[in-house]
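First up is the structure itself, then whatever we jot down about it.
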Amino acid sequence: MSPTDTPTGSAVEADLTSRGGAPTTPRPSRPGSPALSTLLLVLRRVGTALLTVLLASFLVFFAVQALPGDVAQQLLGQDATPEAVAALRDTLGLDQNVWARYGEWLLGASHGDFGVSLVSGAPVGPDLLIAFRNSMLIAVPAMLVGVTISLTLGVVAGVRRGRPSDHAISLISLIVMSVPEFMVATILVLLFAVAIPIFPAVVLRGDSATVVELLPSVWLPAIVLTLAMAAYIVRTARSSTIDVMASEFVTTAELKGLSTRQVVWRHAVPSALLPTLNVVALNVAWLLGGVVVVENVFNYPGMGKLMLESVFNRDLPTIQAIAVVSALVYVVCNLAADLIALALDPRLRTRRKARS
Amino acid sequence: MTTTSTNQGGAAPVTDTASAPVVVVDDLSISYAAGRREVPVVRGVGFEIAAGRALGLVGESGSGKSTVARTLLAHLRRGSRIVGGSVRVAGDDVFALDERARRALRGGTAALVAQNAGQALTPSMRVGRQLREALESHGLPGGHDRVLELVRHVRLPDPETIVRRYPHQLSGGQQQRIAIAMAVAARPQLLVLDEPTTALDVVTQSAVLELIRDLAVELDMAILLVSHDLGVVSSMADEIAVMRDGVIVEHRPTAELFADPQHEYTRELLASIPRVHLGDGDRAGESGRDARSLRGTLSGIAHAAHVRAAQVLAVARGEESAVDPGAQAAPRVGSTEPVVAARDLVVRYGRGLPAAVDGVSLEIGRRETLAVVGESGSGKSTLATAMAGLIPAESGAFAFRGAAGLEGDLTQPVGRRSADLRRAVQLIFQNADTSLNPRRTVGAAIARPLKLFTGSSSPDRVAELLVEVGLTPDFAARLPAQLSGGQRQRVGIARALAAGPELIIADEITTALDVRVQAGVLELLTRLRDEKGLSCLFISHDLAVVRGVADRVAVMTGGRIVEVGPADRVFVGPNHPYTRTLLDATLDPGTTELPGVGDGRARWRDADGWTDHGGGHHVKNWEAQ
Amino acid sequence: MSTTTTNGTEEARVASTGRPDAPKTVGARLRGLATGLSSSISASSALGIGLGLIALHIALALLAPLIAGHDPVATDSTAALAGSSWSHWLGTDQYGRDILSRTLHGGQYALLVTFLATTIAVSIGTVLGCITAYADNWFDEVVMRIVDALLSVPSILALLVVVTVFDSGLWVIVLAVTVVYAPAVTRVVRGAARTVITQDYVTAARARGEGSLSIVFREILPNVLDVVLVEFAMRASWIVLLISTLSFLGFGANPPTPDWGLMVQENRTALTVVPMGTLAPVVALATLVIGLNLSADGLSKTLGVDRAQKGATS
Amino acid sequence: APARSDPTIPEAAATGTAQRGGRLRIARPAASAAETLDSASSLSAYEYLGALYNRLVKLDEQGVTVPDLAEEWSATPDGVTWTFRLRSGVRFHDGRRFTAADAIYSIEHILDPETASPQGEVLAAMIGPGSMSAPDPLTLRIELLTPNAEFPSLLTAYQCYIIPEGSADPANGPTIGTTGIGTGPFRLSGFEPAGTGSIEAYDDHFAGRPALDGIDFYSIQDTTARVNALLAGQIDLISQTNLDFATAQVVSASSTATVARSANAQWYTIPMLFTSAEFSDPLVRQAMKLAYDPQAIVDTALQGTGTAGWDNPVPPTQAVWLDEQREYDPEKARALLKKAGREGFRTDIHTSSYESVFTPMAVAYRDQVKQAGIDLVVKNASADSYYTQIWMQKPLMVSYWFTGRPIDQLLNQIFRTGSSYNESAWSNPTFDALLDDARAEMDDSRRATLYQDAQRLIVEDSADMTPMFGDRLVGIGRDVVNYREYGFEFDYLQIGLRA
Ligand SMILES: Nc1ncnc2c1ncn2[C@@H]1O[C@H](COP(=O)(O)OP(=O)(O)OP(=O)(O)O)[C@@H](O)[C@H]1O
Ligand SMILES: Nc1ncnc2c1ncn2[C@@H]1O[C@H](COP(=O)(O)OP(=O)(O)OP(=O)(O)O)[C@@H](O)[C@H]1O
Ligand SMILES: [Mg+2]
Ligand SMILES: [Mg+2]
């Protein structure tokens, strides 16, 4: 197992890296029933994913409960009357056993009922859903465009290693990666909203905005996210392309008389994408958690803004719900990455878990 | 050797004076840039290969063999460049070709089969598709039938299923066959083989070589065969070029080279090769001593007496053991207090997995070397690992009885063994690269067991051990990365000795080494064993190596022992069919014939009981299939 | 920018894979750290530039009082919004504070927090990663599940919660960053350690009957140091960004601390009036991050650690 | 780029003829998700109130109480019984006619402890159960519990908007908190707490239809985002946002927007929590004041766009302003601290980006008091929760008020013992007695003297510091005309877009 950041300890952890140079004689994997074993793999993977979400919710719940001081007191402030605190404790169920509360909360959460916001008094679920939808509105285009472009650029740079185009791509991605998003966002606003008013600078309509109303406003945030995400993917894709291009099978393909195009896209890219997948997955998951800055700058009514607000207001139920949703997104992304890896690398499908 | 030879006799030169040579390499020099320096890799190499002829390129690792071979396909490693000379294939200067012509050359006129097919095939593509690509990229019809035909051509069974598989679903031999099929798809005039069988076991190796031979004849190809294995080269090539440090030091017809090596380096090379098949004249009176004396140039004459004594002892014990030829019971050798005695040992890696060691019984006597041979995956390492306590035995008895009344149960894992037992049983690893902690100096590596088992670790003692294994005391300050492979292996041995063991487990300790280095390490091991009176479990898949060091040999396949006996008897026979296959497939340098091993599939089935051939030589019963 | 080929490593790789049967081993790709680093700096321009940038930042931060002779927090109403002049090289912000002083002192803060946070997070992650990799039993399983769960919570959320609960401040931020990054490091180091564990020298140690801790600290830890080093440089670059982001959001350093994120937050609306107020800290931040990134690149290249596998933003 | 040290910030907003119609877009800071249109509540959505409702009386620019829904008023000579004649023919947005009953209901709603109105306690001290009566539908009579010469000015507070009778009772359907039904120039067409909202011109408004057709409100949390929206032409006006000096330059230099400046519109304070251990000691409070020079803070934090306060909360423009300047003596402050046993006094001063001057002021103050050996650590809190988590909870923080309160309201609301806006929780019986005396005093000049005594007491003993009064720099679009805002009054009738 190489030092991968592979998210959930899983079957995919099986040595992907044997492409580097397996010391042992390759042994044919046992035929068995590939479909069945793949299914089992997938099921197990889904299982761990669910476990992760459950554990994450548990950790967040207890971390939030462990906040120093009395939650009710915190919420009501110093001057609150003891009766008021007691009443809030009661409504929050703080006097109950913490486990019972977690169980209750979990039961509700599994039905999509995340409780009631301590600030607005409205159920958390619907608001969160809208914020989530809004975030997806900028995250999905950023993801699609960003991943496509950056993978392409990364592969191109990797293949043309050492040439001017590679230098340009590497340099630009390094710079983009090093400038914080809040600066990128600020500059984009100044350029494309203030100096040349093509896009709106901020989102005026808040949570109530419909998708259509939001559409003109999604571009700048989406561009910032795309840039922030793309830089990492470009670099990962580049270095894994370089690795793969140096591998024996790519040389073999070249020496078979294939054109560079065929060699790159048919032979190298599927293997080069493998290590990139996890990075893509992590970045996509990051999109949701990391939009905080972008949404803050653009006043965009998404999860990031909601997150910031609920942390400001100590709106515990909302924080918990956001954490769970984010954890879900995270595991789903990683799950997707693993499944794509399964699709890309037949070795993963048929190899039983190799463990030292 | 009485194998049925199916090939046409590689030694007979097929001279076709009418046509010009397919390959003309002239005064080729290549260097690569390391920083600002230009490092020469190949210097003034020149040779020709005519159609239908095979040239073998041998030499130690890093001598530039692959570099030369790949220039025939106009391929240079990144950073390298041609400094001088030219390479012409089918009349064209390959490095002057334009993009299109170069593609036509690659895979069209000249094709390459690389060393490790497992890595040379694209993992994400079904082999059928890869074959089709090879056809289509040279303008040939790539229909399903053509692909199947190719697969059949390389003698793979069941082409329909094979083409639908991914590379990793094939065995090494099958992968190599696919790689060959891909290479010959466009009927090239030149086939470049870069260590085509190094990653294969002997039996598969023979089969693959045979296939190449036949294809070459059929397609009238010129062949460049790169290998560091003189056995392989001699059985395949018409001529041999010996490379060293980027220069061809000797280039002669095969038979001539073996009969009368001219260059000092060639002679050294030939001398250090262990052989398994002895000349017919030796056969009658062969003995372990003879086998060893083959390496006489290198092994210390001073130890000859030791060797002989040990050998005689072993033979004697072997005779004694023949007293109890129980048909059902596993053979037992060495009644006098064996150091290790295993009975019906079963080792398994996990529940539900087949047993990796399946009912093995064996004994290792005091001062005796028991060699275990067998193909890859036969369970040799598992046996060693279990003996070292790194994996618990599932069932069976496994006892250790040491010198000073030390007794121990080897079924126990390391954690539950006594310190004395741990001290007495020491492992030497196959891979010297990975057996030393790259972050610790040689001295620290040796000092650690000293400290652990003797309680003190003086630099003097470390230096002493280093000298004992043929190194100088100043090695103590070095890091493993600053050592050569052979030196590392010596350090590994010193580390094992530091504990003061009674039993040494040596698992393929020379596989990763060059032949010349290998000879040195084997010699050291033999000497130490004799001097210190150690017992040794020596594991190898190389019968030739085993022949040189073992008192007794156990042949393993599928987790079972099928034959066990004194080395000389096992090598002479009568044998179990599996042992025979192994023996037959082993290529000795100088053999200019390829043994016929068929398709390498087993033609026997296990049966109950053992046959005693006397002298401690037992063979598992079998039925023909 | 990992564009230049380092022949040194190339050679090492070719040499180690060129030999028949020779696996690509940790041993082959590593030279001794001490000797290796110096020679690899000359071999890798990326590493050279990267370490150079970091060194420059450290030097500037240390020499800040000498270079820019102003108190970074002293306000001066008579010199507000001054352009660059002899006494204020980069001009002043709207409260008359010297931008150069603030930027350089901001470097002190950024470097200190980054160094502390990275060191602690990476140390904890390393030890935990090695131990779990070696344990390889229920303990490993449990720790890894917890690590996964921690990783699945967005880092910024975790950070925000920690900071709001404990109030911002140097040690709180260090703690928060540790909570966020130690799991990721654990995972990476565990991966690396697992390759090490399959190496025969670990087997040898086990066969000798060495204790678990001895194996972890003597055999495994030194051999994941290359990964750890790369990890350190890479995490540090993220941590620099994260900390400035936190300040930007108003959770990090308190005014008037000269913090880069805070400076951008304070000055960015007036970007056209006091461009230096925003640009100076951003350029400082970006060059530090570039330096760290180049170092990570260069290190991973010279040490043979595959960075492709973990360029994530988590 | 505009010239640096020479501020080109306009002194006033453009005036001129507005086009009839058009919609104004106002960005405001994101408020709490619990905000409401109930003016009595402390969580009221402030920007909406003046447009939706009217009070009985309001203040003009000079601080004089002038008619709004009440046309005239009078008191008995003892200052106890006040009679208001109400405007006739006024209709609420829902068509109901405005009567004295609505006025009584509105005041009772403020008095209702459930409402927890900041003005509740102020009024409760004067109005008991049954104090109010309506001799006829357009006459409101109030019998005060104690005499109060300044009583009408208390009704100018922005909590005292008139709502329809019964409208705050949930039993009657949606409450005033969401319906926003008043008599103002605009009626509500949409409202979302902490979100967007809009109001439409009310044609039947008694003072005539406003120039605009409607106003849209947007809430934008980040100050920079608000400014960017203005610069990008997405909005026309930023409310409740005092631009910092540099930003104001950027805005006034842009082609889309400019800055309107209202002098001394904001009154900045540094409250010391009287109930905290450190500031309950008058020596410490006095030291904190003596230790700093307000003018230095005006210079640094406001770049001079304001007036030094010298800890007197009454703006110099007011008639009753006490024209005395306390001394500035850091050494004396140091000595006082020593005497109080708090040598090298150290604490946190809390600030936030809620208002652009907060942090500069806190920082400048911190720098100032250093000379007296006081070591302050500036702690930045989030803008959103500043007034829920920090304000009136931390011992030392910064705050601000809009100026434009009548003197009685100013002193009673913010300095009187127990008043809910008493940020510092300061309590001084002498001071409270002075206020009571002033209220009972119907003679104007004697009352002024009493108020000046009260000011002196504030400067000497109170737990509030008033470093300065600042000009408010408001970002508005270049097309906006007739923008007028002073104190709590916003001229919704005249403001419009350039014709
Ligand atoms: N581009 C290059 N960069 C670095 N080193 C190179 C390059 N090309 C060749 N070499 C070096 O040249 C030498 C010859 O390599 P080559 O692979 O030809 O040897 P070989 O005889 O095939 O060895 P092996 O038996 O191990 O395959 C090696 O030492 C290798 O490290
Ligand atoms: N860690 C392991 N887990 C599960 N199965 C294993 C493990 N190691 C080896 N095996 C299996 O056990 C069997 C015996 O393996 P072993 O390594 O003992 O063979 P070997 O004879 O040493 O082969 P080689 O010559 O390739 O070293 C093989 O089928 C192998 O696949
Ligand atoms: Mg080679
Ligand atoms: Mg083995």
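Ligands are numbered from 1 in the order shown, chains are lettered A, B, ... in the order of the structure tokens, and residues start at 1 in each chain.
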
Which neighbours of Pro154 of chain C fall inside 12 Å, counting only C-alpha atoms, when residues of the same chain fewer than 6 positions from it are skipped, and could you give them as an mmCIF file with N, CA, C and O atoms, in the first residue's frame?
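Heads up, here's the output in out.cif:
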```cif
data_model
loop_
_atom_site.group_PDB
_atom_site.id
_atom_site.type_symbol
_atom_site.label_atom_id
_atom_site.label_comp_id
_atom_site.auth_asym_id
_atom_site.auth_seq_id
_atom_site.Cartn_x
_atom_site.Cartn_y
_atom_site.Cartn_z
ATOM 1 N N ALA A 56 -19.387 9.836 12.188
ATOM 2 C CA ALA A 56 -19.195 11.286 12.093
ATOM 3 C C ALA A 56 -20.307 12.004 12.838
ATOM 4 O O ALA A 56 -20.060 12.935 13.610
ATOM 5 N N VAL A 60 -19.719 14.433 16.001
ATOM 6 C CA VAL A 60 -20.173 15.820 16.014
ATOM 7 C C VAL A 60 -21.161 16.044 17.141
ATOM 8 O O VAL A 60 -21.073 17.026 17.887
ATOM 9 N N LEU A 282 -11.885 14.044 -3.026
ATOM 10 C CA LEU A 282 -11.679 14.898 -1.859
ATOM 11 C C LEU A 282 -11.989 16.347 -2.203
ATOM 12 O O LEU A 282 -12.554 17.082 -1.407
ATOM 13 N N ASN A 283 -11.620 16.748 -3.413
ATOM 14 C CA ASN A 283 -11.882 18.120 -3.814
ATOM 15 C C ASN A 283 -13.364 18.390 -3.958
ATOM 16 O O ASN A 283 -13.850 19.459 -3.614
ATOM 17 N N VAL A 284 -14.051 17.410 -4.503
ATOM 18 C CA VAL A 284 -15.485 17.586 -4.682
ATOM 19 C C VAL A 284 -16.152 17.682 -3.307
ATOM 20 O O VAL A 284 -17.019 18.523 -3.069
ATOM 21 N N ALA A 285 -15.697 16.844 -2.410
ATOM 22 C CA ALA A 285 -16.250 16.909 -1.061
ATOM 23 C C ALA A 285 -15.897 18.245 -0.420
ATOM 24 O O ALA A 285 -16.709 18.854 0.273
ATOM 25 N N TRP A 286 -14.695 18.698 -0.723
ATOM 26 C CA TRP A 286 -14.247 19.976 -0.175
ATOM 27 C C TRP A 286 -15.120 21.118 -0.671
ATOM 28 O O TRP A 286 -15.376 22.079 0.047
ATOM 29 N N LEU A 287 -15.583 20.966 -1.920
ATOM 30 C CA LEU A 287 -16.403 22.025 -2.495
ATOM 31 C C LEU A 287 -17.495 22.451 -1.528
ATOM 32 O O LEU A 287 -17.769 23.624 -1.348
ATOM 33 N N LEU A 288 -18.115 21.459 -0.902
ATOM 34 C CA LEU A 288 -19.241 21.801 -0.027
ATOM 35 C C LEU A 288 -18.781 22.457 1.263
ATOM 36 O O LEU A 288 -19.339 23.445 1.700
ATOM 37 N N GLY A 289 -17.726 21.891 1.846
ATOM 38 C CA GLY A 289 -17.263 22.487 3.090
ATOM 39 C C GLY A 289 -16.480 23.759 2.832
ATOM 40 O O GLY A 289 -16.510 24.700 3.604
ATOM 41 N N GLY A 290 -15.781 23.780 1.706
ATOM 42 C CA GLY A 290 -14.873 24.870 1.435
ATOM 43 C C GLY A 290 -15.513 26.062 0.761
ATOM 44 O O GLY A 290 -14.856 27.050 0.486
ATOM 45 N N VAL A 291 -16.800 25.971 0.491
ATOM 46 C CA VAL A 291 -17.429 27.101 -0.162
ATOM 47 C C VAL A 291 -17.637 28.246 0.799
ATOM 48 O O VAL A 291 -18.079 29.312 0.389
ATOM 49 N N VAL A 292 -17.331 28.021 2.065
ATOM 50 C CA VAL A 292 -17.614 29.040 3.072
ATOM 51 C C VAL A 292 -17.115 30.415 2.644
ATOM 52 O O VAL A 292 -17.873 31.383 2.611
ATOM 53 N N MET A 303 -24.696 26.316 1.596
ATOM 54 C CA MET A 303 -24.340 25.613 2.829
ATOM 55 C C MET A 303 -23.241 26.324 3.599
ATOM 56 O O MET A 303 -23.240 26.344 4.822
ATOM 57 N N GLY A 304 -22.286 26.860 2.865
ATOM 58 C CA GLY A 304 -21.163 27.513 3.526
ATOM 59 C C GLY A 304 -21.628 28.690 4.356
ATOM 60 O O GLY A 304 -21.217 28.882 5.496
ATOM 61 N N MET A 307 -23.523 27.509 7.257
ATOM 62 C CA MET A 307 -22.595 26.960 8.245
ATOM 63 C C MET A 307 -21.999 28.082 9.095
ATOM 64 O O MET A 307 -21.993 28.021 10.325
ATOM 65 N N ILE A 319 -25.876 23.059 12.985
ATOM 66 C CA ILE A 319 -24.486 22.612 12.835
ATOM 67 C C ILE A 319 -24.430 21.104 12.661
ATOM 68 O O ILE A 319 -23.754 20.579 11.779
ATOM 69 N N GLN A 320 -25.177 20.421 13.503
ATOM 70 C CA GLN A 320 -25.161 18.965 13.408
ATOM 71 C C GLN A 320 -25.657 18.496 12.050
ATOM 72 O O GLN A 320 -25.069 17.618 11.422
ATOM 73 N N ILE A 322 -25.659 20.092 9.254
ATOM 74 C CA ILE A 322 -24.690 20.404 8.197
ATOM 75 C C ILE A 322 -23.553 19.399 8.227
ATOM 76 O O ILE A 322 -23.116 18.897 7.186
ATOM 77 N N ALA A 323 -23.108 19.089 9.430
ATOM 78 C CA ALA A 323 -22.009 18.132 9.537
ATOM 79 C C ALA A 323 -22.401 16.798 8.924
ATOM 80 O O ALA A 323 -21.623 16.178 8.191
ATOM 81 N N VAL A 324 -23.618 16.362 9.209
ATOM 82 C CA VAL A 324 -24.039 15.069 8.687
ATOM 83 C C VAL A 324 -24.165 15.113 7.167
ATOM 84 O O VAL A 324 -23.705 14.212 6.462
ATOM 85 N N VAL A 325 -24.752 16.186 6.663
ATOM 86 C CA VAL A 325 -24.891 16.287 5.211
ATOM 87 C C VAL A 325 -23.515 16.313 4.550
ATOM 88 O O VAL A 325 -23.265 15.639 3.554
ATOM 89 N N SER A 326 -22.603 17.090 5.148
ATOM 90 C CA SER A 326 -21.265 17.149 4.565
ATOM 91 C C SER A 326 -20.589 15.784 4.609
ATOM 92 O O SER A 326 -19.930 15.373 3.654
ATOM 93 N N ALA A 327 -20.753 15.110 5.728
ATOM 94 C CA ALA A 327 -20.157 13.785 5.831
ATOM 95 C C ALA A 327 -20.739 12.872 4.762
ATOM 96 O O ALA A 327 -20.025 12.081 4.147
ATOM 97 N N LEU A 328 -22.028 12.989 4.542
ATOM 98 C CA LEU A 328 -22.669 12.185 3.505
ATOM 99 C C LEU A 328 -22.047 12.474 2.153
ATOM 100 O O LEU A 328 -21.708 11.556 1.400
ATOM 101 N N VAL A 329 -21.924 13.760 1.860
ATOM 102 C CA VAL A 329 -21.347 14.130 0.570
ATOM 103 C C VAL A 329 -19.940 13.565 0.454
ATOM 104 O O VAL A 329 -19.565 12.999 -0.570
ATOM 105 N N TYR A 330 -19.204 13.696 1.548
ATOM 106 C CA TYR A 330 -17.832 13.198 1.536
ATOM 107 C C TYR A 330 -17.792 11.708 1.229
ATOM 108 O O TYR A 330 -17.064 11.266 0.350
ATOM 109 N N VAL A 331 -18.587 10.943 1.945
ATOM 110 C CA VAL A 331 -18.493 9.502 1.704
ATOM 111 C C VAL A 331 -19.049 9.147 0.329
ATOM 112 O O VAL A 331 -18.553 8.246 -0.332
ATOM 113 N N ASP C 148 -11.598 8.375 9.560
ATOM 114 C CA ASP C 148 -12.508 8.595 8.433
ATOM 115 C C ASP C 148 -13.627 9.550 8.802
ATOM 116 O O ASP C 148 -13.946 10.473 8.065
ATOM 117 N N LEU C 160 -14.121 26.108 12.777
ATOM 118 C CA LEU C 160 -14.987 27.165 13.276
ATOM 119 C C LEU C 160 -15.534 26.802 14.650
ATOM 120 O O LEU C 160 -15.572 27.625 15.556
ATOM 121 N N VAL C 161 -15.939 25.542 14.777
ATOM 122 C CA VAL C 161 -16.506 25.128 16.058
ATOM 123 C C VAL C 161 -15.453 25.243 17.151
ATOM 124 O O VAL C 161 -15.696 25.837 18.204
ATOM 125 N N VAL C 179 -6.607 19.123 15.128
ATOM 126 C CA VAL C 179 -7.804 18.285 15.044
ATOM 127 C C VAL C 179 -8.144 18.015 13.582
ATOM 128 O O VAL C 179 -8.528 16.920 13.199
ATOM 129 N N VAL C 180 -7.952 19.031 12.756
ATOM 130 C CA VAL C 180 -8.356 18.891 11.368
ATOM 131 C C VAL C 180 -7.344 18.076 10.559
ATOM 132 O O VAL C 180 -7.718 17.253 9.738
ATOM 133 N N TYR C 181 -6.061 18.306 10.815
ATOM 134 C CA TYR C 181 -5.081 17.679 9.932
ATOM 135 C C TYR C 181 -4.468 16.383 10.433
ATOM 136 O O TYR C 181 -4.002 15.582 9.624
ATOM 137 N N THR C 313 -7.327 18.664 -1.038
ATOM 138 C CA THR C 313 -7.475 19.903 -0.273
ATOM 139 C C THR C 313 -8.099 19.670 1.078
ATOM 140 O O THR C 313 -8.474 20.610 1.751
ATOM 141 N N SER C 314 -8.250 18.427 1.425
ATOM 142 C CA SER C 314 -8.982 18.183 2.672
ATOM 143 C C SER C 314 -8.355 18.912 3.825
ATOM 144 O O SER C 314 -7.176 18.965 3.955
#
```

Against ligand 2, which residues of chain B fall within 9 Å? For each one I want the closest pair of atoms and the distance in Å (one decimal), counting only C-alpha atoms and all ligand atoms, rows by chain and increasing residue number, as CSV.
```
residue,atom,partner,partner_atom_place_in_ligand_line,distance
B:Asp201,CA,ligand 2,25 (O),8.4
B:Arg348,CA,ligand 2,12 (O),7.7
B:Tyr349,CA,ligand 2,4 (C),4.7
B:Gly350,CA,ligand 2,4 (C),6.7
B:Leu353,CA,ligand 2,5 (N),7.4
B:Pro354,CA,ligand 2,29 (O),7.9
B:Ala355,CA,ligand 2,12 (O),7.4
B:Ala356,CA,ligand 2,12 (O),4.4
B:Val357,CA,ligand 2,14 (C),7.1
B:Val373,CA,ligand 2,21 (O),8.0
B:Gly374,CA,ligand 2,21 (O),6.4
B:Glu375,CA,ligand 2,25 (O),5.8
B:Ser376,CA,ligand 2,25 (O),3.4
B:Gly377,CA,ligand 2,19 (O),3.3
B:Ser378,CA,ligand 2,21 (O),3.9
B:Gly379,CA,ligand 2,18 (O),3.2
B:Lys380,CA,ligand 2,21 (O),3.8
B:Ser381,CA,ligand 2,22 (O),3.5
B:Thr382,CA,ligand 2,18 (O),3.6
B:Leu383,CA,ligand 2,18 (O),6.4
B:Ala384,CA,ligand 2,18 (O),7.9
B:Thr385,CA,ligand 2,18 (O),8.0
B:Gln430,CA,ligand 2,27 (O),8.8
B:Asp507,CA,ligand 2,22 (O),8.0
B:Glu508,CA,ligand 2,27 (O),7.6
B:Ile539,CA,ligand 2,22 (O),8.2
B:Ser540,CA,ligand 2,25 (O),7.2
B:His541,CA,ligand 2,25 (O),6.1
B:Met556,CA,ligand 2,21 (O),8.0
B:Thr557,CA,ligand 2,21 (O),8.0
B:Gly558,CA,ligand 2,14 (C),7.7
B:Gly559,CA,ligand 2,14 (C),6.8
```

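Counting only C-alpha atoms, every residue of chain D that comes within 8 Å of chain C is listed here: Ala1, Pro2, Arg4, Ser5, Thr224, Val227, Asn228, Phe245, Ala246, Thr247, Gln249, Val250, Ala296, Asp299, Thr300, Ala301, Gln303, Thr359, Pro360, Val363, Ala364, Asp367, Val378, Lys379, Asn380, Ala381 and Ser382 of chain D.
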
**Message:** If the cut-off is 7 Å, can you tell me the residues of chain B near chain A, counting only C-alpha atoms? I'd like them as an MDAnalysis selection string.
**Reply:** chainID B and resid 73 103:104 106:107 118:122 124 134 137 166 168:172 199

**Residue contacts of His75 of chain B (9 Å, only C-alpha atoms) excluding same-chain residues fewer than 4 positions away, as a PyMOL selection string** = (chain A and resi 251+255) or (chain B and resi 67+69-71+95)

How would the residues just picked look written out with N, CA and C atoms as a short mmCIF file (atom, residue, chain, number, x, y, z; two decimals), in the first residue's frame?
```cif
data_model
loop_
_atom_site.label_atom_id
_atom_site.label_comp_id
_atom_site.auth_asym_id
_atom_site.auth_seq_id
_atom_site.Cartn_x
_atom_site.Cartn_y
_atom_site.Cartn_z
N THR A 251 5.49 2.17 -22.64
CA THR A 251 6.59 1.96 -23.58
C THR A 251 6.22 0.85 -24.56
N LEU A 255 6.06 1.09 -28.51
CA LEU A 255 6.90 0.25 -29.35
C LEU A 255 6.06 -0.71 -30.21
N THR B 67 19.56 -1.21 -23.19
CA THR B 67 19.72 0.03 -23.93
C THR B 67 20.02 -0.27 -25.39
N ALA B 69 19.41 -3.09 -26.97
CA ALA B 69 18.29 -3.81 -27.59
C ALA B 69 17.21 -2.85 -28.05
N ARG B 70 16.92 -1.87 -27.23
CA ARG B 70 15.80 -1.00 -27.57
C ARG B 70 16.13 -0.01 -28.68
N THR B 71 17.39 0.22 -28.92
CA THR B 71 17.69 1.10 -30.03
C THR B 71 17.24 0.47 -31.35
N PHE B 95 17.20 5.85 -36.49
CA PHE B 95 17.08 7.14 -35.80
C PHE B 95 16.90 8.30 -36.78
#
```

Residues of chain D that have any atom at most 8 Å from an atom of chain A: could you tabulate them with the shortest-distance atom pair and the distance in Å to one decimal, using only C-alpha atoms, ordered by chain and increasing number, as CSV?
```
residue,atom,partner,partner_atom,distance
D:Ser32,CA,A:Val119,CA,7.8
D:Ala33,CA,A:Ser120,CA,5.1
D:Ala34,CA,A:Ser120,CA,5.2
D:Gly195,CA,A:Gly206,CA,5.4
D:Thr196,CA,A:Arg205,CA,6.0
D:Tyr218,CA,A:Leu204,CA,5.7
D:Ser219,CA,A:Leu204,CA,7.1
D:Ile220,CA,A:Asn299,CA,6.1
D:Gln221,CA,A:Asn299,CA,6.8
D:Asp222,CA,A:Asn296,CA,6.8
D:Thr224,CA,A:Val297,CA,7.7
D:Ala225,CA,A:Val297,CA,6.0
D:Arg226,CA,A:Val202,CA,7.8
D:Asn228,CA,A:Ala201,CA,6.0
D:Ala229,CA,A:Ala201,CA,5.4
D:Leu231,CA,A:Val194,CA,5.8
D:Ala232,CA,A:Val194,CA,4.6
D:Gln234,CA,A:Pro200,CA,6.9
D:Ser382,CA,A:Phe312,CA,6.8
D:Asp384,CA,A:Phe312,CA,6.6
D:Ser385,CA,A:Phe312,CA,5.9
D:Thr388,CA,A:Gly77,CA,7.6
D:Gln389,CA,A:Gly77,CA,6.7
D:Gln393,CA,A:Gln78,CA,6.3
```
